[in-house]
Amino acid sequence: MPAIPQWTDTLLSSNTNYQLYSRANRSCLIMDTTPALQVLDKHSQFQDIQQDSKAGYYYIKVNKEKTWVPILPGYTIFTKIKNSIFQLSINVSDEQKILFSWIEFDENDTSKTIAFDSQSDRFKSLITHIDPDGRISIPHLLGFSISGIMQVLISTVYQKYPQLYPEFQPTFKARQVTEKTIGVVQRKGKRLRREIENTLPETFTREGLVITAEEPKYVNYDDFMALLIEYKQIKQSLYNSNRQIKRLKQKIDAFKYEQDNIENKDEENEDQDEFLITRVNKIIEESKIGSTILVSTKQFISLVLQQSCSYCGETRLICEKTKVTTAGFSVKILQRQD
């Protein structure tokens, strides 16, 4: 990657709302994200400003595909033409006309204005002023052919007129995630910067990287997004791993619960059997019915005691009381809940 021009470093260090982009020919521009982008009524339908001066779109190729790129008031960039830095911006008049405004700054001092103009002329006054050697594409100069900038502009229109870009919905949602992630990274960067300022010495290592309080180094949009994608992949991988761990813990807990229930049920059955034998022997002893019935007395009483409750359907001997009455060969056993 070619070195970033000095003029971009100077501007980027002056405003955190400036974002660096690279054109296909590797030339640089800086987008100012401070002004809010405005969607006008004329953006409700596609019309090419190259065919109609009242239109609000450029119909140009972006990534080898023809795309309607909106021209939105508030859009502002800095770029270098010949030896001067220019600010190019889109504005709107009281009559809702799109204005193409430009300011030329001194090469080494952006506070010094050399020339400026604002017309609804698609920067014809700028072309006349700079007197280029060849033809200049205004959409290319503005950065409209850069995919990242195109998505910013379309995303803004999509929020008001989603029917114009039905295929943009997945991209729009992804862009919301992107902006949220960028915000997280920026906040982390600010915290790290404060930590550096409060640390002596002013250079230390973190995760094997050298962190220094020297003047920050800036990267272009593509390089930043490559790093951001890797960050998201690592974060998603960590999220997936945590989900798997959580599911495994749930399965282990469910298995333990099932095993505990089996053990408790086995213990309860053992207690029930022991209690049944004790209860049968006690009934025989107290009621003296050892020889009054023609079948095994213990077996008969056991069968009676194991009958389920007609109300709750359970057989819980511990919670039941038994009353036995005999008259000759007649034996009557009553059970009731305690």
# chains A, B, ... in the order shown; residues from 1 in each chain; ligands from 1

$ residues_around --residues "stretch 69-75 of chain A" --least-positions-apart "5" --cutoff "10 Å" --atoms "only C-alpha atoms" --output "VMD selection string"
chain A and resid 31 to 40 43 46 to 49 55 to 62 88 to 93 97 to 100 139 142 144 to 145 149 to 157

$ select_by_dssp --residues "stretch 57-219 of chain A" --states "helix (DSSP H, G or I)" --output "ChimeraX atom specification"
/A:124-130,138-142,147-160,162-164,166-197

$ closest_residue --among "A:Thr178, A:Lys323, A:Gln236, A:Gln306" --to "A:Gly148" --atoms "only C-alpha atoms"
A:Thr178

$ select_by_dssp --residues "stretch 123-253 of chain A" --states "strand (DSSP E or B)" --output "list of chain:residue names"
A:Thr203, A:Phe204, A:Thr205, A:Arg206, A:Leu209, A:Val210, A:Ile211, A:Thr212
